[in-house]
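See below for the structure under consideration.
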Amino acid sequence: AMVVDFCRRQSVFAVPGVATPNEVAELAVTNPPLLRVFPAACFGGPVYLGHLRRAFPDQHLMAAGGIPAEQAADYLKAGTSVVTVGSGLF
């Protein structure tokens, strides 16, 4: 939370990383524009992101980590705002 506050004061766009609902809850109070859920694929993929989205409906989530390009649409349907695909491209 301190890093998010510092970046906001410096006008720097920060996307903090989270993995668990507790981490989402801790950072949600700082009202970040986006939280990066990593590694999304290892935590249950679109199903897990869907659960997080329902638990935190006002929080924008970015799915990252182990996502194959052909599953990107599934993550978006689950409610994520952004999906990143890196190693899944190769």
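Within each chain, counting starts at residue 1; across the structure tokens, chains are named A, B, ... in the order shown, with ligands numbered 1 upward in that order.
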List every residue of chain A that DSSP, applied to the backbone, labels as strand (DSSP E), and write the result as a PyMOL selection string.
chain A and resi 17-18+35-37+61-63+82-83
Take the selection from the previous step and output its residues with N, CA and C atoms, as a JSON list (two decimals), in the first residue's frame.
```
[["chain", "number", "residue", "atom", "x", "y", "z"],
["A", 17, "GLY", "N", 0.96, -6.16, -7.62],
["A", 17, "GLY", "CA", 0.64, -7.57, -7.82],
["A", 17, "GLY", "C", -0.01, -8.19, -6.60],
["A", 18, "VAL", "N", -0.97, -9.08, -6.85],
["A", 18, "VAL", "CA", -1.67, -9.80, -5.79],
["A", 18, "VAL", "C", -1.84, -11.25, -6.22],
["A", 35, "LEU", "N", -5.19, -4.03, -10.42],
["A", 35, "LEU", "CA", -4.36, -4.97, -9.66],
["A", 35, "LEU", "C", -3.98, -6.13, -10.57],
["A", 36, "ARG", "N", -2.71, -6.53, -10.50],
["A", 36, "ARG", "CA", -2.20, -7.63, -11.32],
["A", 36, "ARG", "C", -2.27, -8.92, -10.52],
["A", 37, "VAL", "N", -3.08, -9.87, -10.98],
["A", 37, "VAL", "CA", -3.20, -11.17, -10.33],
["A", 37, "VAL", "C", -2.19, -12.11, -10.98],
["A", 61, "LEU", "N", -9.09, -5.94, -12.43],
["A", 61, "LEU", "CA", -8.05, -6.96, -12.28],
["A", 61, "LEU", "C", -7.37, -7.23, -13.61],
["A", 62, "MET", "N", -6.06, -7.43, -13.55],
["A", 62, "MET", "CA", -5.28, -7.82, -14.72],
["A", 62, "MET", "C", -4.76, -9.23, -14.47],
["A", 63, "ALA", "N", -5.11, -10.15, -15.35],
["A", 63, "ALA", "CA", -4.64, -11.53, -15.24],
["A", 63, "ALA", "C", -3.28, -11.64, -15.92],
["A", 82, "VAL", "N", -8.03, -6.72, -17.95],
["A", 82, "VAL", "CA", -6.86, -6.82, -18.81],
["A", 82, "VAL", "C", -6.31, -8.24, -18.70],
["A", 83, "VAL", "N", -5.85, -8.79, -19.83],
["A", 83, "VAL", "CA", -5.19, -10.09, -19.83],
["A", 83, "VAL", "C", -3.84, -9.91, -20.49]]
```
From a DSSP pass on the backbone, collect the residues of chain A flagged as helix (DSSP H, G or I) and hand them back as a PyMOL selection string.
chain A and resi 2-9+21-28+45-55+69-77+87-89
Restricting the output to N, CA, C and O atoms, write the selected residues as a compact mmCIF listing (two decimals), in the first residue's frame.
```txt
# COMPACT_ATOMS: atom_id res chain seq x y z
N MET A 2 2.00 1.21 0.69
CA MET A 2 2.88 2.37 0.74
C MET A 2 3.45 2.69 -0.64
O MET A 2 3.58 3.86 -1.00
N VAL A 3 3.76 1.66 -1.41
CA VAL A 3 4.30 1.88 -2.75
C VAL A 3 3.25 2.53 -3.64
O VAL A 3 3.55 3.46 -4.41
N VAL A 4 2.02 2.06 -3.55
CA VAL A 4 0.93 2.64 -4.35
C VAL A 4 0.75 4.11 -4.00
O VAL A 4 0.64 4.96 -4.88
N ASP A 5 0.74 4.42 -2.71
CA ASP A 5 0.61 5.82 -2.28
C ASP A 5 1.77 6.67 -2.78
O ASP A 5 1.58 7.79 -3.26
N PHE A 6 2.99 6.15 -2.67
CA PHE A 6 4.16 6.88 -3.15
C PHE A 6 4.05 7.15 -4.65
O PHE A 6 4.28 8.27 -5.11
N CYS A 7 3.72 6.12 -5.42
CA CYS A 7 3.61 6.29 -6.87
C CYS A 7 2.54 7.31 -7.23
O CYS A 7 2.72 8.13 -8.14
N ARG A 8 1.42 7.27 -6.53
CA ARG A 8 0.35 8.24 -6.80
C ARG A 8 0.85 9.66 -6.56
O ARG A 8 0.58 10.56 -7.37
N ARG A 9 1.58 9.87 -5.48
CA ARG A 9 2.11 11.22 -5.20
C ARG A 9 3.10 11.67 -6.27
O ARG A 9 3.24 12.87 -6.52
N PRO A 21 -7.14 -13.38 -2.08
CA PRO A 21 -8.19 -12.41 -1.73
C PRO A 21 -7.76 -11.45 -0.63
O PRO A 21 -8.13 -10.27 -0.66
N ASN A 22 -6.97 -11.92 0.34
CA ASN A 22 -6.48 -11.02 1.39
C ASN A 22 -5.64 -9.90 0.81
O ASN A 22 -5.74 -8.75 1.24
N GLU A 23 -4.78 -10.23 -0.14
CA GLU A 23 -3.94 -9.21 -0.76
C GLU A 23 -4.78 -8.22 -1.56
O GLU A 23 -4.51 -7.01 -1.54
N VAL A 24 -5.81 -8.71 -2.24
CA VAL A 24 -6.71 -7.81 -2.97
C VAL A 24 -7.38 -6.86 -1.98
O VAL A 24 -7.43 -5.64 -2.20
N ALA A 25 -7.89 -7.39 -0.88
CA ALA A 25 -8.58 -6.57 0.12
C ALA A 25 -7.64 -5.52 0.71
O ALA A 25 -8.05 -4.36 0.89
N GLU A 26 -6.40 -5.91 1.01
CA GLU A 26 -5.44 -4.95 1.57
C GLU A 26 -5.17 -3.78 0.64
O GLU A 26 -5.06 -2.64 1.07
N LEU A 27 -5.04 -4.09 -0.65
CA LEU A 27 -4.71 -3.03 -1.61
C LEU A 27 -5.94 -2.28 -2.11
O LEU A 27 -5.84 -1.14 -2.54
N ALA A 28 -7.09 -2.91 -2.07
CA ALA A 28 -8.31 -2.25 -2.56
C ALA A 28 -8.61 -0.97 -1.80
O ALA A 28 -9.17 -0.03 -2.37
N GLY A 45 -6.91 -20.09 -12.95
CA GLY A 45 -7.29 -19.50 -14.22
C GLY A 45 -8.54 -18.65 -14.16
O GLY A 45 -8.80 -17.96 -13.17
N PRO A 46 -9.34 -18.71 -15.23
CA PRO A 46 -10.53 -17.87 -15.32
C PRO A 46 -11.52 -18.08 -14.17
O PRO A 46 -12.16 -17.14 -13.72
N VAL A 47 -11.61 -19.31 -13.68
CA VAL A 47 -12.54 -19.58 -12.57
C VAL A 47 -12.12 -18.79 -11.33
O VAL A 47 -12.95 -18.13 -10.69
N TYR A 48 -10.83 -18.81 -11.02
CA TYR A 48 -10.32 -18.06 -9.86
C TYR A 48 -10.53 -16.57 -10.05
O TYR A 48 -10.97 -15.87 -9.12
N LEU A 49 -10.21 -16.06 -11.23
CA LEU A 49 -10.39 -14.63 -11.48
C LEU A 49 -11.86 -14.24 -11.39
O LEU A 49 -12.20 -13.15 -10.91
N GLY A 50 -12.74 -15.12 -11.83
CA GLY A 50 -14.18 -14.86 -11.70
C GLY A 50 -14.60 -14.75 -10.25
O GLY A 50 -15.40 -13.88 -9.89
N HIS A 51 -14.06 -15.62 -9.40
CA HIS A 51 -14.35 -15.55 -7.96
C HIS A 51 -13.85 -14.24 -7.37
O HIS A 51 -14.57 -13.59 -6.59
N LEU A 52 -12.63 -13.85 -7.72
CA LEU A 52 -12.10 -12.58 -7.22
C LEU A 52 -12.95 -11.41 -7.69
O LEU A 52 -13.23 -10.48 -6.92
N ARG A 53 -13.35 -11.45 -8.92
CA ARG A 53 -14.16 -10.35 -9.49
C ARG A 53 -15.49 -10.22 -8.77
O ARG A 53 -15.95 -9.11 -8.49
N ARG A 54 -16.11 -11.36 -8.47
CA ARG A 54 -17.39 -11.30 -7.75
C ARG A 54 -17.19 -10.81 -6.31
O ARG A 54 -18.05 -10.11 -5.77
N ALA A 55 -16.07 -11.18 -5.70
CA ALA A 55 -15.80 -10.74 -4.33
C ALA A 55 -15.43 -9.25 -4.27
O ALA A 55 -15.69 -8.59 -3.26
N ALA A 69 -2.51 -17.76 -25.18
CA ALA A 69 -3.27 -16.78 -25.98
C ALA A 69 -4.69 -17.26 -26.24
O ALA A 69 -5.64 -16.46 -26.22
N GLU A 70 -4.87 -18.56 -26.45
CA GLU A 70 -6.20 -19.06 -26.78
C GLU A 70 -7.17 -19.02 -25.59
O GLU A 70 -8.37 -19.21 -25.75
N GLN A 71 -6.68 -18.74 -24.39
CA GLN A 71 -7.55 -18.62 -23.22
C GLN A 71 -7.83 -17.17 -22.81
O GLN A 71 -8.57 -16.93 -21.87
N ALA A 72 -7.28 -16.22 -23.51
CA ALA A 72 -7.46 -14.81 -23.14
C ALA A 72 -8.93 -14.43 -23.06
O ALA A 72 -9.36 -13.75 -22.11
N ALA A 73 -9.72 -14.87 -24.02
CA ALA A 73 -11.15 -14.53 -24.02
C ALA A 73 -11.86 -15.10 -22.79
O ALA A 73 -12.78 -14.48 -22.25
N ASP A 74 -11.44 -16.27 -22.32
CA ASP A 74 -12.04 -16.87 -21.13
C ASP A 74 -11.82 -16.00 -19.90
O ASP A 74 -12.71 -15.86 -19.06
N TYR A 75 -10.64 -15.42 -19.80
CA TYR A 75 -10.34 -14.53 -18.68
C TYR A 75 -11.19 -13.26 -18.76
O TYR A 75 -11.68 -12.77 -17.74
N LEU A 76 -11.36 -12.74 -19.96
CA LEU A 76 -12.18 -11.53 -20.11
C LEU A 76 -13.64 -11.83 -19.78
O LEU A 76 -14.31 -11.03 -19.12
N LYS A 77 -14.12 -12.98 -20.21
CA LYS A 77 -15.50 -13.37 -19.87
C LYS A 77 -15.68 -13.54 -18.37
O LYS A 77 -16.77 -13.33 -17.84
N SER A 87 4.72 -15.73 -22.21
CA SER A 87 5.27 -17.01 -22.64
C SER A 87 4.23 -17.83 -23.39
O SER A 87 4.58 -18.71 -24.16
N GLY A 88 2.95 -17.55 -23.17
CA GLY A 88 1.88 -18.27 -23.87
C GLY A 88 1.83 -18.01 -25.36
O GLY A 88 1.10 -18.68 -26.09
N LEU A 89 2.63 -17.06 -25.84
CA LEU A 89 2.68 -16.78 -27.27
C LEU A 89 3.64 -17.71 -28.02
O LEU A 89 3.57 -17.83 -29.22
```
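As for atom CA of Val29 of chain A and atom CA of Ala78 of chain A, they are spaced 22.8 Å apart.
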